[in-house]
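> My questions will all concern the structure given below.
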Amino acid sequence: MNPEKDFSPLAPSVVRALNDKLYEKRKVAALEIEKLVREFVAQNNAAQIKHVIQILSQEFALSQHPHSRKGGLIGLAACSIALGKDSGLYLKELIEPVLTCFNDADSRLRYYACEALYNIVKVARGSVLPHFNVLFDGLSKLAADPDPNVKSGSELLDRLLKDIVTESNKFDLVGFIPLLRERIYSNNQYARQFIISWILVLESVPDINLLGYLPEILDGLFQILGDNSKEIRKMCEVALGEFLKEIKKNPSSVKFAEMANILVIHCQASDDLIQLTAMCWMREFIQLAGRVMLPYSSGILTAVLPCLSYDDRKKSIKEVANVCNQSLMKLVIPEDDETDEGKQSLSLQMEPKEESLSQQQVTSSGCLEASSNSSLSSASVFNASSTDQVPVTLNLDGIVQVLDCHLHDTATGMMTRIAVLKWLYHLYIKTPRKMFRHTDSLFPILLRTLSDESDEVILKDLEVLAEIASSPAGQTEDQGPCDGSDMRFSQSELHIPVKASQLSSSGMKGMECSPSTPTMNSYFYKFMINLLKRFSSERKLLETRGAFIIRQLCLLLNAENIFHSMADILLREEDLKFASTMVHTLNTILLTSSELFQLRNQLKDLKTPESRNLFCCLYRSWCHNPVTTVSLCFLTQNYKHAYDLIQKFGDLEVTVDFLTEVDKLVQLIECPIFTWTALRQPWASRKRPPPTSTTWSCCSTSSESRTSTWK
């Protein structure tokens with residue numbers, strides 16, 4: 001420092017003392033400066049006051065010499081004390097040089113800077129709030145200072161500043177949020193602790209509505225929740241808990257949609273605490289916001305569905321995820337099936353949105369919905385104070401895509417697969433018209449799911465397939481189970497032989513479905529064809545689950561329809577061995593299953609044209625297997641014809657398989673299902689009205705066509 005330079009109105013002795021290395025001498029100089037400034041205040045001499053502050057700032061606090069900087073800091077603090085309530089007029093000039101010293105390499109100088117700023121803030125009190133951001137920025141850096149003395153000094157200053165904010169009603173929250181949003185992503189533990197402490201303070205002030213800006217800081221809070229420090233995690237957990245309580249009290253003022261994707265991301269976190277907390281928030285959001293969350297359904301399902309298969313180690317997360325899943329499912333209503341998605345009857349109120357994380361497309365975590373469509377994004381904001389209204393739409397395409405991916409993923413857990421199938425069934429019930437747009441893409445994986453190891457998964461899968469096969473929404477105009485496209489499909493899938501004479505339109509229809517088959521929808525016959533194809537390609541599935549699947553279908557659909565259609569398809573099956581096996585399976589189910597009780601009674605009497613027609617249809621296919629044909633005759637009380645067929649057994653080649661079939665027939669006859677047969681008159685003396693010519697003509701034609709089996 002140039003000794004010849006004029007520092008007036010500071011006396012030369014004061015200047016020398018400020019540059020001294022001894023603290024005591026610098027303190028004496030500060031007292032002289034305080035006395036001098038008080039005189040200027042009394043004289044109302046603002047120009048001299050500014051001049052003194054400028055000298056202390058430029059020539060001392062910002063000097064290259066460390067002792068001069070220390071002298072400048074204590075001198076600026078002395079000026080503030082002397083100014084008293086008038087210090088607010090000079091705060092910018094007082095604060096800026098002190099904050100610059102926060103970055104000094106000398107820890108002692110950083111400590112003196114804390115001490116000086118503490119004295120300045122203590123005197124100015126509420127007047128420092130317009131400068132809050134720069135003070136907060138400086139303190140956030142000192143909170144992570146490696147020197148314990150500096151950190152201790154910054155904590156004192158921090159507490160003082162918190163007291164001032166708490167007692168004031170002039171805090172500029174809008175101006176502070178961008179800085180908070182930036183600092184909240186710090187990885188330093190002490191800086192994180194500093195940030196959380198301030199959030200807790202601001203949250204506790206009644207006049208400060210931090211909840212309205214929660215979307216700006218929620219992501220950062222969840223990241224801090226994963227800190228290695230237990231103390232910081234606990235603080236963050238408390239802060240999030242307080243926010244959630246406030247959300248429950250004032251849901252109308254919460255921007256649910258802007259935080260939806262943030263929760264989706266953290267519901268997939270590897271940290272259990274983060275995941276559980278985010279899942280609890282998601283549960284509350286779905287229950288409080290309702291249909292506001294619908295545009296984000298695919299992302300929510302991406303996060304929630306895998307949690308349903310967690311084991312007991314993550315039982316809490318699993319239970320909350322299950323509630324989320326059930327609550328979200330209830331939001332889907334029949335009105336979502338309207339063809340014009342832009343005219344939903346249920347609308348919600350909206351306000352303009354700022355750019356936030358929820359508007360970013362996060363494809364890796366499944367947040368595909370609102371970010372990829374501007375109309376959905378704007379429609380997803382909930383605010384009771386706004387007068388504009390927009391519809392909330394169901395992003396069905398995104399939901400189906402997520403569900404389909406989970407079914408295709410072989411690593412998906414059993415409970416997740418069950419939940420996926422429940423969702424599909426629910427969507428087919430609530431939004432059938434829209435869902436049938438996706439049926440062609442879903443159909444193959446639903447059929448493959450029949451090979452699942454879990455019976456419960458198969459049951460849910462059959463419920464979905466049965467709904468597809470029976471829903472009126474699946475019936476398309478000019479296209480049904482009897483159209484040419486299905487015929488070509490069935491030929492290629494089940495190897496159905498087609499003669500040239502059968503390629504006419506009438507022959508085509510006759511191949512595809514019997515005129516007596518009760519029509520369901522376009523997918524029923526396709527389902528039967530593909531189910532038999534799956535049994536043909538996976539014989540183990542037929543052996544282990546075939547009867548189980550068919551019995552359940554008979555409960556879910558019309559049993560007569562199922563047997564009628566399968567008999568029609570098997571009539572043209574080229575693989576005779578499979579046809580024989582399949583007929584034997586169907587026959588066993590028909591004779592022994594309680595689900596088929598009504599159908600058995602219908603066939604016993606053959607009183608109606610429908611029952612006789614069904615018998616004809618079954619008989620033609622049952623001829624693939626001699627023993628099943630005889631048992632069908634027994635069931636329908638056609639004993640004379642059964643006698644004639646048994647006589648032909650002597651002409652057949654006796655093989656192990658044939659003897660096994662005969663043994664099974666004997667066992668069946670001895671079962672309770674045929675008890676009523678043994679109690680009747682002997683077959684030869686049995687007086688029964690002769691069958692109609694129509695019935696026996698179809699039966700004889702079918703039996704003659706099975707020359708390879710019977711001769």
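Chain labels follow the order of the structure tokens: the first chain is A, the next B, and so on; residue numbering restarts at 1 in every chain, and ligands are counted from 1 in their shown order.
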Give me the residues within 10 Å of Gln287 of chain A as a VMD selection string, counting only C-alpha atoms and dropping any in the same chain fewer than 5 places off.

chain A and resid 281 to 282 293 323 to 324 327 to 328 331

> Dump all heavy atoms for the selected residues as a CSV table (one decimal), in the first residue's frame?


chain,number,residue,atom,x,y,z
A,281,TRP,N,-45.7,-40.9,-1.7
A,281,TRP,CA,-46.2,-39.7,-2.4
A,281,TRP,C,-47.1,-40.0,-3.6
A,281,TRP,O,-48.1,-39.3,-3.8
A,281,TRP,CB,-45.0,-38.8,-2.8
A,281,TRP,CG,-44.4,-38.0,-1.8
A,281,TRP,CD1,-43.8,-38.4,-0.6
A,281,TRP,CD2,-44.3,-36.5,-1.8
A,281,TRP,NE1,-43.4,-37.3,0.1
A,281,TRP,CE2,-43.7,-36.2,-0.6
A,281,TRP,CE3,-44.6,-35.6,-2.7
A,281,TRP,CZ2,-43.4,-34.8,-0.2
A,281,TRP,CZ3,-44.4,-34.2,-2.4
A,281,TRP,CH2,-43.8,-33.9,-1.2
A,282,MET,N,-46.7,-41.0,-4.4
A,282,MET,CA,-47.5,-41.3,-5.5
A,282,MET,C,-48.9,-41.8,-5.1
A,282,MET,O,-49.9,-41.5,-5.7
A,282,MET,CB,-46.8,-42.4,-6.3
A,282,MET,CG,-47.5,-42.8,-7.6
A,282,MET,SD,-47.5,-41.5,-8.8
A,282,MET,CE,-45.8,-41.6,-9.4
A,293,MET,N,-53.9,-37.4,-12.8
A,293,MET,CA,-52.8,-38.3,-12.9
A,293,MET,C,-52.9,-39.2,-14.1
A,293,MET,O,-51.9,-39.9,-14.5
A,293,MET,CB,-52.6,-39.2,-11.7
A,293,MET,CG,-52.4,-38.4,-10.4
A,293,MET,SD,-51.0,-37.3,-10.4
A,293,MET,CE,-49.7,-38.5,-10.2
A,323,VAL,N,-51.4,-50.4,-3.5
A,323,VAL,CA,-52.5,-49.4,-3.3
A,323,VAL,C,-52.5,-48.4,-4.5
A,323,VAL,O,-53.5,-48.1,-5.0
A,323,VAL,CB,-52.3,-48.7,-2.0
A,323,VAL,CG1,-53.3,-47.5,-1.9
A,323,VAL,CG2,-52.4,-49.6,-0.8
A,324,CYS,N,-51.3,-48.0,-4.9
A,324,CYS,CA,-51.1,-47.1,-6.1
A,324,CYS,C,-51.8,-47.8,-7.3
A,324,CYS,O,-52.5,-47.1,-8.1
A,324,CYS,CB,-49.7,-46.8,-6.4
A,324,CYS,SG,-48.9,-45.8,-5.2
A,327,SER,N,-55.6,-47.9,-7.0
A,327,SER,CA,-56.2,-46.6,-7.0
A,327,SER,C,-56.2,-46.0,-8.5
A,327,SER,O,-57.1,-45.4,-8.9
A,327,SER,CB,-55.5,-45.6,-6.1
A,327,SER,OG,-55.5,-46.1,-4.8
A,328,LEU,N,-55.1,-46.3,-9.2
A,328,LEU,CA,-55.0,-45.8,-10.5
A,328,LEU,C,-56.0,-46.5,-11.4
A,328,LEU,O,-56.6,-45.9,-12.3
A,328,LEU,CB,-53.5,-46.0,-11.0
A,328,LEU,CG,-53.2,-45.5,-12.4
A,328,LEU,CD1,-53.3,-43.9,-12.4
A,328,LEU,CD2,-51.8,-45.9,-12.8
A,331,LEU,N,-59.4,-45.1,-11.6
A,331,LEU,CA,-59.6,-43.8,-12.3
A,331,LEU,C,-60.1,-44.0,-13.7
A,331,LEU,O,-60.6,-43.1,-14.4
A,331,LEU,CB,-58.3,-43.0,-12.3
A,331,LEU,CG,-57.7,-42.6,-10.9
A,331,LEU,CD1,-56.4,-41.9,-11.1
A,331,LEU,CD2,-58.7,-41.8,-10.2

> Please build the interface table for segment 149-186 of chain A against segment 215-223 of chain A with a cut-off of 12 Å, listing for each qualifying residue the nearest atom pair and the distance in Å to one decimal; count only C-alpha atoms, order rows by chain and increasing number, and write it as JSON lines.


{"residue": "A:Val174", "atom": "CA", "partner": "A:Glu216", "partner_atom": "CA", "distance": 11.3}
{"residue": "A:Phe176", "atom": "CA", "partner": "A:Glu216", "partner_atom": "CA", "distance": 11.4}
{"residue": "A:Ile177", "atom": "CA", "partner": "A:Glu216", "partner_atom": "CA", "distance": 7.6}
{"residue": "A:Pro178", "atom": "CA", "partner": "A:Glu216", "partner_atom": "CA", "distance": 8.2}
{"residue": "A:Leu179", "atom": "CA", "partner": "A:Ile217", "partner_atom": "CA", "distance": 10.5}
{"residue": "A:Leu180", "atom": "CA", "partner": "A:Ile217", "partner_atom": "CA", "distance": 7.5}
{"residue": "A:Arg181", "atom": "CA", "partner": "A:Ile217", "partner_atom": "CA", "distance": 5.6}
{"residue": "A:Glu182", "atom": "CA", "partner": "A:Ile217", "partner_atom": "CA", "distance": 8.9}
{"residue": "A:Arg183", "atom": "CA", "partner": "A:Gly220", "partner_atom": "CA", "distance": 9.0}
{"residue": "A:Ile184", "atom": "CA", "partner": "A:Gly220", "partner_atom": "CA", "distance": 5.5}
{"residue": "A:Tyr185", "atom": "CA", "partner": "A:Gly220", "partner_atom": "CA", "distance": 5.6}
{"residue": "A:Ser186", "atom": "CA", "partner": "A:Gly220", "partner_atom": "CA", "distance": 8.8}

> Residues of segment 392-435 of chain A within 10 Å of segment 460-474 of chain A: nearest atom pair and distance (Å, one decimal) for each, counting only C-alpha atoms, sorted by chain and number, as CSV?


residue,atom,partner,partner_atom,distance
A:Arg417,CA,A:Lys460,CA,9.2
A:Ile418,CA,A:Lys460,CA,6.6
A:Ala419,CA,A:Lys460,CA,9.0
A:Val420,CA,A:Lys460,CA,9.3
A:Leu421,CA,A:Lys460,CA,5.9
A:Lys422,CA,A:Lys460,CA,6.7
A:Trp423,CA,A:Val464,CA,9.4
A:Leu424,CA,A:Val464,CA,6.7
A:Tyr425,CA,A:Val464,CA,5.0
A:His426,CA,A:Val464,CA,8.8
A:Leu427,CA,A:Val464,CA,9.7
A:Tyr428,CA,A:Glu467,CA,7.2
A:Ile429,CA,A:Glu467,CA,7.9
A:Thr431,CA,A:Ala473,CA,9.4
A:Pro432,CA,A:Ala473,CA,5.9
A:Arg433,CA,A:Ala473,CA,5.6
A:Lys434,CA,A:Ala473,CA,9.0
A:Met435,CA,A:Ala473,CA,9.1

> What lies within 10 Å of Ser204 of chain A using only C-alpha atoms, ignoring chain neighbours under 6 positions off, as a list in words?

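Returned residues: Thr166, Trp198, Leu210 and Glu242 of chain A.
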
> Let me make sure I understand: among A:Phe243, A:Tyr190, A:Phe548, A:Trp622, which one has the smallest atom-to-atom distance to Glu203 of chain A if we use only C-alpha atoms?

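Answer, going by the shortest atom-to-atom distance: A:Phe243.
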
> Neighbouring residues of Ser537 of chain A were defined as those with any atom within 12 Å, considering only C-alpha atoms; residues of the same chain fewer than 2 positions away were excluded. Please report them as a VMD selection string.

chain A and resid 448 451 493 to 494 530 to 535 539 to 543 575 578

> So, with only C-alpha atoms as the atoms that count, which of A:Ile95, A:Leu403, A:Val304, A:Cys280 lies closest to Leu56 of chain A?

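Among the listed residues, the smallest separation from Leu56 of chain A belongs to A:Ile95.
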
> Give me the residues within 10 Å of Asp147 of chain A as a PyMOL selection string, counting only C-alpha atoms and dropping any in the same chain fewer than 5 places off.

chain A and resi 107-108+110-111+142+152

> Write the residues of the selection above to a file with C-alpha atoms, as an mmCIF file, in the first residue's frame.


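Resulting contents of again_4.cif:
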data_model
loop_
_atom_site.group_PDB
_atom_site.id
_atom_site.type_symbol
_atom_site.label_atom_id
_atom_site.label_comp_id
_atom_site.auth_asym_id
_atom_site.auth_seq_id
_atom_site.Cartn_x
_atom_site.Cartn_y
_atom_site.Cartn_z
ATOM 1 C CA SER A 107 -8.982 -19.556 6.538
ATOM 2 C CA ARG A 108 -8.360 -16.851 9.179
ATOM 3 C CA ARG A 110 -12.576 -16.154 5.827
ATOM 4 C CA TYR A 111 -13.362 -16.299 9.529
ATOM 5 C CA LEU A 142 -18.994 -21.561 3.753
ATOM 6 C CA SER A 152 -18.665 -22.337 13.199
#

> Identify, on the basis of only C-alpha atoms, every residue whose closest approach to Ile286 of chain A does not exceed 12 Å; exclude the query and any residue fewer than 2 positions from it along the same chain; express the result as a PyMOL selection string.

chain A and resi 248+251+256-257+259-260+263+279-284+288-297+300+320-321+323-331

> Tell me, counting only C-alpha atoms, for each residue of segment 88-167 of chain A within 8 Å of segment 38-53 of chain A, which pair of atoms is nearest and how far apart they are in Å to one decimal, in rows ordered by chain and increasing number, as a tab-separated table.


residue	atom	partner	partner_atom	distance
A:Tyr90	CA	A:Lys50	CA	7.7
A:Glu93	CA	A:Ile53	CA	7.1
A:Leu94	CA	A:Ile53	CA	7.0

> In Å, rounded to a single decimal, give me how far atom CA of Ile333 of chain A is from atom CA of Leu446 of chain A.

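One can read the atom CA of Leu446 of chain A to atom CA of Ile333 of chain A distance as 23.6 Å.
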
> Determine the nearest neighbour of Leu211 of chain A from the options A:Val583, A:Ala116, A:Met528, A:Ala239, counting only C-alpha atoms.

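Once distances to Leu211 of chain A are computed over only C-alpha atoms, the minimum belongs to A:Ala239.
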
> Taking only C-alpha atoms into account, which of A:Ile199, A:Ile120, A:Leu459, A:Ala105 comes nearest Gly75 of chain A?

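For Gly75 of chain A, the nearest of the given residues is A:Ile120.
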
> Taking into account only C-alpha atoms, which residue in the set A:Leu618, A:Met235, A:Leu407, A:Ile549 is nearest to Met566 of chain A?

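Closest candidate: A:Leu618.
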
> Using DSSP secondary structure from the backbone, list all alpha helix (DSSP H) positions within segment 52-190 of chain A, as a PyMOL selection string.

chain A and resi 52-55+66-83+91-100+107-124+132-142+148-167+173-183+189-190

> With C-alpha atoms retained, could you export that selection as an mmCIF file, in the first residue's frame?


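Below is the file that was written, part32.cif:
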data_model
loop_
_atom_site.group_PDB
_atom_site.id
_atom_site.type_symbol
_atom_site.label_atom_id
_atom_site.label_comp_id
_atom_site.auth_asym_id
_atom_site.auth_seq_id
_atom_site.Cartn_x
_atom_site.Cartn_y
_atom_site.Cartn_z
ATOM 1 C CA VAL A 52 -14.950 6.155 4.063
ATOM 2 C CA ILE A 53 -16.717 2.928 3.018
ATOM 3 C CA GLN A 54 -15.123 3.127 -0.439
ATOM 4 C CA ILE A 55 -11.630 3.539 1.050
ATOM 5 C CA PRO A 66 -3.667 -10.073 3.933
ATOM 6 C CA HIS A 67 -3.346 -7.787 6.982
ATOM 7 C CA SER A 68 -4.841 -4.895 5.008
ATOM 8 C CA ARG A 69 -7.794 -7.106 4.067
ATOM 9 C CA LYS A 70 -8.306 -7.992 7.722
ATOM 10 C CA GLY A 71 -8.205 -4.297 8.613
ATOM 11 C CA GLY A 72 -10.708 -3.471 5.893
ATOM 12 C CA LEU A 73 -13.157 -6.123 7.154
ATOM 13 C CA ILE A 74 -13.145 -4.899 10.738
ATOM 14 C CA GLY A 75 -13.378 -1.305 9.485
ATOM 15 C CA LEU A 76 -16.499 -2.060 7.391
ATOM 16 C CA ALA A 77 -18.118 -3.732 10.412
ATOM 17 C CA ALA A 78 -17.336 -0.630 12.465
ATOM 18 C CA CYS A 79 -19.007 1.554 9.826
ATOM 19 C CA SER A 80 -22.151 -0.571 9.964
ATOM 20 C CA ILE A 81 -22.288 -0.314 13.769
ATOM 21 C CA ALA A 82 -21.893 3.419 13.570
ATOM 22 C CA LEU A 83 -24.598 3.794 10.929
ATOM 23 C CA LEU A 91 -25.620 -2.273 2.464
ATOM 24 C CA LYS A 92 -24.501 -3.041 -1.064
ATOM 25 C CA GLU A 93 -21.199 -1.210 -0.531
ATOM 26 C CA LEU A 94 -20.738 -2.858 2.859
ATOM 27 C CA ILE A 95 -21.647 -6.435 1.905
ATOM 28 C CA GLU A 96 -19.988 -6.964 -1.484
ATOM 29 C CA PRO A 97 -16.312 -6.643 -0.375
ATOM 30 C CA VAL A 98 -16.984 -8.872 2.652
ATOM 31 C CA LEU A 99 -18.531 -11.581 0.479
ATOM 32 C CA THR A 100 -15.512 -11.422 -1.808
ATOM 33 C CA SER A 107 -8.982 -19.556 6.538
ATOM 34 C CA ARG A 108 -8.360 -16.851 9.179
ATOM 35 C CA LEU A 109 -9.414 -14.172 6.726
ATOM 36 C CA ARG A 110 -12.576 -16.154 5.827
ATOM 37 C CA TYR A 111 -13.362 -16.299 9.529
ATOM 38 C CA TYR A 112 -12.924 -12.514 9.905
ATOM 39 C CA ALA A 113 -15.213 -12.065 6.904
ATOM 40 C CA CYS A 114 -17.900 -14.117 8.694
ATOM 41 C CA GLU A 115 -17.446 -12.020 11.803
ATOM 42 C CA ALA A 116 -17.689 -8.744 9.860
ATOM 43 C CA LEU A 117 -20.805 -9.825 7.952
ATOM 44 C CA TYR A 118 -22.435 -11.018 11.163
ATOM 45 C CA ASN A 119 -22.047 -7.521 12.663
ATOM 46 C CA ILE A 120 -23.326 -5.871 9.477
ATOM 47 C CA VAL A 121 -26.413 -8.141 9.291
ATOM 48 C CA LYS A 122 -27.082 -7.834 13.031
ATOM 49 C CA VAL A 123 -27.324 -4.078 12.737
ATOM 50 C CA ALA A 124 -29.272 -3.962 9.464
ATOM 51 C CA PHE A 132 -30.645 -12.264 0.682
ATOM 52 C CA ASN A 133 -29.635 -14.206 -2.425
ATOM 53 C CA VAL A 134 -25.998 -13.104 -2.355
ATOM 54 C CA LEU A 135 -25.837 -13.743 1.382
ATOM 55 C CA PHE A 136 -27.364 -17.208 0.945
ATOM 56 C CA ASP A 137 -24.995 -17.997 -1.904
ATOM 57 C CA GLY A 138 -21.981 -17.039 0.197
ATOM 58 C CA LEU A 139 -23.200 -18.960 3.235
ATOM 59 C CA SER A 140 -23.908 -22.086 1.203
ATOM 60 C CA LYS A 141 -20.245 -22.162 0.212
ATOM 61 C CA LEU A 142 -18.994 -21.561 3.753
ATOM 62 C CA PRO A 148 -14.018 -25.795 11.673
ATOM 63 C CA ASN A 149 -13.662 -22.186 12.890
ATOM 64 C CA VAL A 150 -14.953 -20.807 9.600
ATOM 65 C CA LYS A 151 -17.799 -23.302 9.630
ATOM 66 C CA SER A 152 -18.665 -22.337 13.199
ATOM 67 C CA GLY A 153 -18.695 -18.665 12.261
ATOM 68 C CA SER A 154 -20.892 -19.297 9.249
ATOM 69 C CA GLU A 155 -23.365 -21.221 11.428
ATOM 70 C CA LEU A 156 -23.738 -18.202 13.727
ATOM 71 C CA LEU A 157 -24.376 -15.954 10.750
ATOM 72 C CA ASP A 158 -26.778 -18.531 9.305
ATOM 73 C CA ARG A 159 -28.865 -18.636 12.504
ATOM 74 C CA LEU A 160 -29.025 -14.839 12.592
ATOM 75 C CA LEU A 161 -30.222 -14.702 8.993
ATOM 76 C CA LYS A 162 -32.868 -17.367 9.661
ATOM 77 C CA ASP A 163 -34.203 -15.350 12.582
ATOM 78 C CA ILE A 164 -34.484 -12.271 10.368
ATOM 79 C CA VAL A 165 -36.342 -14.204 7.628
ATOM 80 C CA THR A 166 -38.683 -15.812 10.132
ATOM 81 C CA GLU A 167 -39.735 -12.524 11.709
ATOM 82 C CA LEU A 173 -39.480 -16.127 -2.302
ATOM 83 C CA VAL A 174 -39.910 -15.770 -6.064
ATOM 84 C CA GLY A 175 -36.432 -14.341 -6.430
ATOM 85 C CA PHE A 176 -34.929 -16.947 -4.117
ATOM 86 C CA ILE A 177 -36.339 -20.115 -5.748
ATOM 87 C CA PRO A 178 -33.944 -20.168 -8.771
ATOM 88 C CA LEU A 179 -30.949 -20.040 -6.429
ATOM 89 C CA LEU A 180 -32.432 -22.729 -4.189
ATOM 90 C CA ARG A 181 -33.126 -24.920 -7.212
ATOM 91 C CA GLU A 182 -29.502 -24.573 -8.273
ATOM 92 C CA ARG A 183 -27.915 -25.147 -4.861
ATOM 93 C CA GLN A 189 -22.974 -33.175 2.743
ATOM 94 C CA TYR A 190 -22.613 -29.905 4.642
#

> Which residues are close to Glu453 of chain A, i.e. within 12 Å by only C-alpha atoms, leaving aside same-chain residues fewer than 3 positions away? Reply as a list in words.

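Everything that qualifies: Thr410, Gly413, Met414, Arg417, Arg448, Thr449, Leu450, Glu456, Val457, Ile458, Leu459, Leu541, Thr544 and Arg545 of chain A.
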